[in-house]
Amino acid sequence: MKKIAIFAKLTLRESLRKKVVLVLLGLTVLVIVLSAVGMSRLVNTGLAGSSPGDIRAAISFVLILIMFAYSFVLALSAVFFTVPAIAGDLETGTALAILSRPVSRAHLLLGRWLGLVVLTAAYVAVASSAEFLVVRVVTGYSPPHPLMFIFYMTAETVVILTLALLVSTRLAPVAGGVIVLGSFMLAWMGGVAISLGRQFSVQALETGGTVTRLMLPSDGMWKGAAYSLEPAALLATARAQGADGIANFPFFSLSPPAGSYLAWTAGWILAILWLAIWSFNRREI
Amino acid sequence: MVEALPQEAAAIHTVGLTKAYGGVRAVSDLSMTVPRGEIFGFLGPNGAGKTTSVKLLTGLAKATSGTAWVLGKPAGDVANRARIGYLPELFRYQAWMSALEVLQLHCELAGIPKAGRKAETENALVTVGLADRANDRVATFSKGMQQRLGLGVALLGTPDLVFLDEPTSALDPVGRKEVRDVILELRGRGVTVFLNSHLLSEVQQVCDRVAVVDRGKVVASGTMADLLGLGEIRIRVTELDGDAMRAAAGFGSANKDGEWLTVAGVTPERVPDLVAELVRSGGRIHAVERGRKTLEEIFIKLVERP
């Protein structure tokens, strides 16, 4: 564990020293400021005169859309941070000096993973709390389950970065990045397929989407994040509207992921990590 | 007293060590013994399998077949690596860190107790001449400075065995001399040094023992004295008959080329006897000298492609 911690610390330090993190933080602040301006306009001009319930519903919906875009940027950043994690060490040769020390390749890989998970969780917690706080100050609205949102958003990113780490043990950063981002997009499309399948009663679409969701549970975790931002009133409306309403909208979820699906996701992450260690151990360096 | 097995007594002992990448054998049936406390030169042309051999010995690569022991443990033993220092041929360190931070990281990785780390890093920085650049980022270092840093990293934690893979490839003549001094100082402390190099004059100056590899196989090995043919005597002699040649052959493998007779394998004490024997057989001696080949001549002869 001590050796894993050395690499986790190294990963954190390395990330924090890179200028890209500063740029990412700057962009986050910019997005938060812009969303505050947008929300304020929405409340004071666009929705002026609407009932408080409608305003709440509209704000909650806009917030879900903002957070969806945010989840996208987060996944993108996770991929670009992770794909060079192992491949970069191998390409530059820094791995040679490190791995000749009394540490195993599993230590390096798990340390990198842990460092990236901590970084992700911290960033998600800080950035989403800031966004929620700003929305609250500007509009008076708070999402119903902010902690649950942080959990699911982190889980979605961890799914992506774990896959990126596996790919990193075999492929050069650019090729790996393209593959993981492609998979992330496919998983999102799988989620859309499930919604469409339900909306138009096409079983094949729903089955296909479910298979994708099992193979890469990132979109499944996003549904949990979306659910945690839906106020009870909005959920009630969606339920009342039935299939004709927003229930099957790709950014919406009528229920949080089932316990069994959460267990599947945890198992998936562990299995991919194990596969990554296996793959790294067999890699010639 | 029971004599220790070679794998326990030696710093490095390999038997039939082989590494194949696909169909290509990078290292083939490598068997050698490196005694403890010596400077061992591992020579060979580019692509001979030198770096792959070091990777096998440090546990960075797994052998296809054969066995290797390093400091009495199977090569690649994780705990044993705390006693080993390694400067890779491809020396790259975290560009975003300072030299001091790189050394601190390697102290931590090597399991050096916290209390000893300050002295370790300071020593290493002074030894490799980077004390005044300790807090500069590696990204600002020249190749030579990065190689010096790599040497500093390899020296951390007073290792028993240090692998240096082309340690002076990026250094100027002054830097090379300094590295040679460091290597000799290591031997003075009883550290075994495994030196991969094709800078033959460098190897000739510091190594006690060498092995020459070509296409993955050892083609010659022995002490530097053996390899340089210090047991070879050249005698300019005239009026030598068949009897005298037979007499000379009794001292070692004799060869006549014009007026020069070369006898290999003669110990220094037997040289006067050899000369006396030749004179007795009617030979007229004009000159006697030791064989003086350079390592380069021997090396080129060994790895020459027909």
# chains A, B, ... in the order shown; residues from 1 in each chain; ligands from 1
>>> residues_around(residues="Ser31 in chain B", least_positions_apart="5", cutoff="7 Å", atoms="only C-alpha atoms", output="ChimeraX atom specification")
/B:14-17
>>> interface_residues(of="chain B", to="chain A", cutoff="6 Å", atoms="only C-alpha atoms", output="list of chain:residue names")
B:Val78, B:Ala79, B:Arg81, B:Ala82, B:Arg92, B:Tyr93, B:Ala110
>>> atom_distance(atom1="CA of Ser60 in chain A", atom2="CA of Thr139 in chain A")
10.6 Å
>>> residues_around(residues="Ile179 in chain A", least_positions_apart="6", cutoff="12 Å", atoms="only C-alpha atoms", output="list in words")
Leu76, Val79, Phe80, Val83, Ile160, Leu163, Ala164, Leu165, Leu166, Val167, Ser168, Arg170, Leu171, Ala172, Pro173, Met185 and Leu186 of chain A
>>> residues_around(residues="range 65-68 of chain B", least_positions_apart="4", cutoff="10 Å", atoms="only C-alpha atoms", output="PyMOL selection string")
chain B and resi 7+12-20+28-33+56-57+59+72-76
>>> residues_around(residues="Ala238 in chain A", least_positions_apart="3", cutoff="12 Å", atoms="only C-alpha atoms", output="PDB file with C-alpha atoms, in the first residue's frame")
ATOM      1  CA  ALA A  57     -38.478  22.861 -13.262  1.00  0.00           C
ATOM      2  CA  TYR A 227     -31.435  11.571 -11.449  1.00  0.00           C
ATOM      3  CA  GLU A 230     -34.140  16.051 -10.652  1.00  0.00           C
ATOM      4  CA  PRO A 231     -36.458  17.670  -8.088  1.00  0.00           C
ATOM      5  CA  ALA A 232     -39.441  15.615  -6.881  1.00  0.00           C
ATOM      6  CA  ALA A 233     -41.908  17.842  -8.744  1.00  0.00           C
ATOM      7  CA  LEU A 234     -40.131  17.300 -12.052  1.00  0.00           C
ATOM      8  CA  LEU A 235     -40.080  13.535 -11.454  1.00  0.00           C
ATOM      9  CA  GLN A 241     -46.785  12.419 -18.561  1.00  0.00           C
ATOM     10  CA  GLY A 242     -45.842   8.785 -19.186  1.00  0.00           C
ATOM     11  CA  ALA A 243     -44.114   7.804 -22.425  1.00  0.00           C
ATOM     12  CA  ASP A 244     -45.186  11.015 -24.171  1.00  0.00           C
ATOM     13  CA  GLY A 245     -43.294  13.241 -21.732  1.00  0.00           C
ATOM     14  CA  ILE A 246     -39.647  13.743 -20.847  1.00  0.00           C
ATOM     15  CA  ALA A 247     -39.224  10.347 -19.154  1.00  0.00           C
ATOM     16  CA  ASN A 248     -37.375   8.875 -22.143  1.00  0.00           C
ATOM     17  CA  PHE A 249     -35.368  11.998 -22.829  1.00  0.00           C
ATOM     18  CA  PHE A 252     -33.418  12.333 -17.928  1.00  0.00           C
ATOM     19  CA  SER A 253     -33.847   9.368 -15.629  1.00  0.00           C
ATOM     20  CA  LEU A 254     -36.963   8.259 -13.775  1.00  0.00           C
ATOM     21  CA  SER A 255     -35.004   6.228 -11.239  1.00  0.00           C
TER      22      SER A 255
END
>>> select_by_dssp(residues="range 1-202 of chain B", states="alpha helix (DSSP H)", output="PyMOL selection string")
chain B and resi 6-9+50-58+99-110+114-127+143-155+173-188+200-202
>>> residues_around(residues="Gly190 in chain B", least_positions_apart="4", cutoff="8 Å", atoms="only C-alpha atoms", output="MDAnalysis selection string")
chainID B and resid 36:38 160 186
>>> write_last_selection(atoms="N, CA and C atoms", output="PDB file, in the first residue's frame")
ATOM      1  N   ARG B  36      31.966 -10.849  -7.186  1.00  0.00           N
ATOM      2  CA  ARG B  36      31.609  -9.645  -6.419  1.00  0.00           C
ATOM      3  C   ARG B  36      32.814  -8.716  -6.294  1.00  0.00           C
ATOM      4  N   GLY B  37      32.511  -7.433  -6.263  1.00  0.00           N
ATOM      5  CA  GLY B  37      33.548  -6.431  -6.007  1.00  0.00           C
ATOM      6  C   GLY B  37      34.395  -6.071  -7.207  1.00  0.00           C
ATOM      7  N   GLU B  38      34.050  -6.600  -8.385  1.00  0.00           N
ATOM      8  CA  GLU B  38      34.857  -6.283  -9.574  1.00  0.00           C
ATOM      9  C   GLU B  38      34.110  -5.334 -10.507  1.00  0.00           C
ATOM     10  N   ASP B 160      24.895  -2.725  -3.664  1.00  0.00           N
ATOM     11  CA  ASP B 160      25.989  -3.702  -3.742  1.00  0.00           C
ATOM     12  C   ASP B 160      26.391  -3.951  -5.185  1.00  0.00           C
ATOM     13  N   LEU B 186      33.708   3.240  -6.598  1.00  0.00           N
ATOM     14  CA  LEU B 186      32.731   2.209  -6.229  1.00  0.00           C
ATOM     15  C   LEU B 186      33.448   0.888  -5.964  1.00  0.00           C
TER      16      LEU B 186
END
>>> atom_distance(atom1="CA of Val266 in chain B", atom2="CA of Val279 in chain B")
17.1 Å
>>> residues_around(residues="Gly129 in chain B", least_positions_apart="4", cutoff="9 Å", atoms="only C-alpha atoms", output="list of chain:residue names")
B:Ala124, B:Leu125, B:Arg133, B:Met145, B:Arg148, B:Leu149
>>> write_last_selection(atoms="C-alpha atoms", output="JSON list (two decimals), in the first residue's frame")
[["chain", "number", "residue", "atom", "x", "y", "z"],
["B", 124, "ALA", "CA", 24.67, 11.88, -4.97],
["B", 125, "LEU", "CA", 24.41, 15.49, -6.17],
["B", 133, "ARG", "CA", 21.61, 22.65, -10.05],
["B", 145, "MET", "CA", 23.37, 16.64, -17.09],
["B", 148, "ARG", "CA", 24.82, 12.66, -14.57],
["B", 149, "LEU", "CA", 21.53, 12.77, -12.69]]
>>> decode(residues="range 192-210 of chain B", atoms="N, CA, C and O atoms", output="mmCIF file, in the first residue's frame")
data_model
loop_
_atom_site.group_PDB
_atom_site.id
_atom_site.type_symbol
_atom_site.label_atom_id
_atom_site.label_comp_id
_atom_site.auth_asym_id
_atom_site.auth_seq_id
_atom_site.Cartn_x
_atom_site.Cartn_y
_atom_site.Cartn_z
ATOM 1 N N THR B 192 30.102 -4.029 -6.840
ATOM 2 C CA THR B 192 30.300 -4.624 -8.159
ATOM 3 C C THR B 192 29.699 -3.680 -9.202
ATOM 4 O O THR B 192 28.593 -3.174 -9.016
ATOM 5 N N VAL B 193 30.448 -3.429 -10.264
ATOM 6 C CA VAL B 193 29.931 -2.559 -11.315
ATOM 7 C C VAL B 193 29.823 -3.357 -12.610
ATOM 8 O O VAL B 193 30.793 -3.993 -13.034
ATOM 9 N N PHE B 194 28.647 -3.365 -13.195
ATOM 10 C CA PHE B 194 28.415 -4.032 -14.477
ATOM 11 C C PHE B 194 28.333 -2.926 -15.509
ATOM 12 O O PHE B 194 27.380 -2.155 -15.539
ATOM 13 N N LEU B 195 29.370 -2.827 -16.326
ATOM 14 C CA LEU B 195 29.482 -1.687 -17.241
ATOM 15 C C LEU B 195 29.239 -2.132 -18.679
ATOM 16 O O LEU B 195 30.000 -2.915 -19.233
ATOM 17 N N ASN B 196 28.162 -1.641 -19.241
ATOM 18 C CA ASN B 196 27.860 -1.894 -20.646
ATOM 19 C C ASN B 196 28.467 -0.767 -21.439
ATOM 20 O O ASN B 196 28.153 0.387 -21.173
ATOM 21 N N SER B 197 29.296 -1.105 -22.405
ATOM 22 C CA SER B 197 29.885 0.007 -23.131
ATOM 23 C C SER B 197 30.450 -0.445 -24.454
ATOM 24 O O SER B 197 30.780 -1.603 -24.630
ATOM 25 N N HIS B 198 30.526 0.469 -25.401
ATOM 26 C CA HIS B 198 31.373 0.152 -26.536
ATOM 27 C C HIS B 198 32.489 1.186 -26.684
ATOM 28 O O HIS B 198 33.127 1.283 -27.709
ATOM 29 N N LEU B 199 32.680 1.935 -25.608
ATOM 30 C CA LEU B 199 33.853 2.819 -25.575
ATOM 31 C C LEU B 199 35.011 1.994 -25.001
ATOM 32 O O LEU B 199 35.186 1.874 -23.800
ATOM 33 N N LEU B 200 35.766 1.369 -25.911
ATOM 34 C CA LEU B 200 36.699 0.341 -25.474
ATOM 35 C C LEU B 200 37.854 0.865 -24.642
ATOM 36 O O LEU B 200 38.305 0.209 -23.717
ATOM 37 N N SER B 201 38.304 2.085 -24.956
ATOM 38 C CA SER B 201 39.427 2.604 -24.180
ATOM 39 C C SER B 201 38.988 2.784 -22.727
ATOM 40 O O SER B 201 39.732 2.508 -21.791
ATOM 41 N N GLU B 202 37.710 3.200 -22.575
ATOM 42 C CA GLU B 202 37.157 3.393 -21.238
ATOM 43 C C GLU B 202 37.115 2.069 -20.474
ATOM 44 O O GLU B 202 37.542 1.969 -19.323
ATOM 45 N N VAL B 203 36.626 1.054 -21.174
ATOM 46 C CA VAL B 203 36.522 -0.271 -20.560
ATOM 47 C C VAL B 203 37.917 -0.769 -20.183
ATOM 48 O O VAL B 203 38.143 -1.281 -19.084
ATOM 49 N N GLN B 204 38.850 -0.573 -21.120
ATOM 50 C CA GLN B 204 40.214 -1.052 -20.879
ATOM 51 C C GLN B 204 40.817 -0.384 -19.640
ATOM 52 O O GLN B 204 41.582 -1.001 -18.903
ATOM 53 N N GLN B 205 40.435 0.881 -19.426
ATOM 54 C CA GLN B 205 41.027 1.609 -18.294
ATOM 55 C C GLN B 205 40.474 1.178 -16.948
ATOM 56 O O GLN B 205 41.156 1.289 -15.947
ATOM 57 N N VAL B 206 39.221 0.766 -16.892
ATOM 58 C CA VAL B 206 38.639 0.501 -15.570
ATOM 59 C C VAL B 206 38.293 -0.949 -15.262
ATOM 60 O O VAL B 206 38.217 -1.317 -14.093
ATOM 61 N N CYS B 207 38.049 -1.773 -16.294
ATOM 62 C CA CYS B 207 37.472 -3.088 -15.997
ATOM 63 C C CYS B 207 38.493 -4.123 -15.548
ATOM 64 O O CYS B 207 39.619 -4.160 -16.033
ATOM 65 N N ASP B 208 38.040 -4.972 -14.600
ATOM 66 C CA ASP B 208 38.869 -6.084 -14.160
ATOM 67 C C ASP B 208 38.643 -7.282 -15.061
ATOM 68 O O ASP B 208 39.518 -8.113 -15.252
ATOM 69 N N ARG B 209 37.407 -7.376 -15.546
ATOM 70 C CA ARG B 209 37.007 -8.575 -16.284
ATOM 71 C C ARG B 209 36.050 -8.132 -17.376
ATOM 72 O O ARG B 209 35.319 -7.151 -17.185
ATOM 73 N N VAL B 210 36.087 -8.823 -18.495
ATOM 74 C CA VAL B 210 35.172 -8.448 -19.575
ATOM 75 C C VAL B 210 34.552 -9.677 -20.227
ATOM 76 O O VAL B 210 35.096 -10.779 -20.150
#
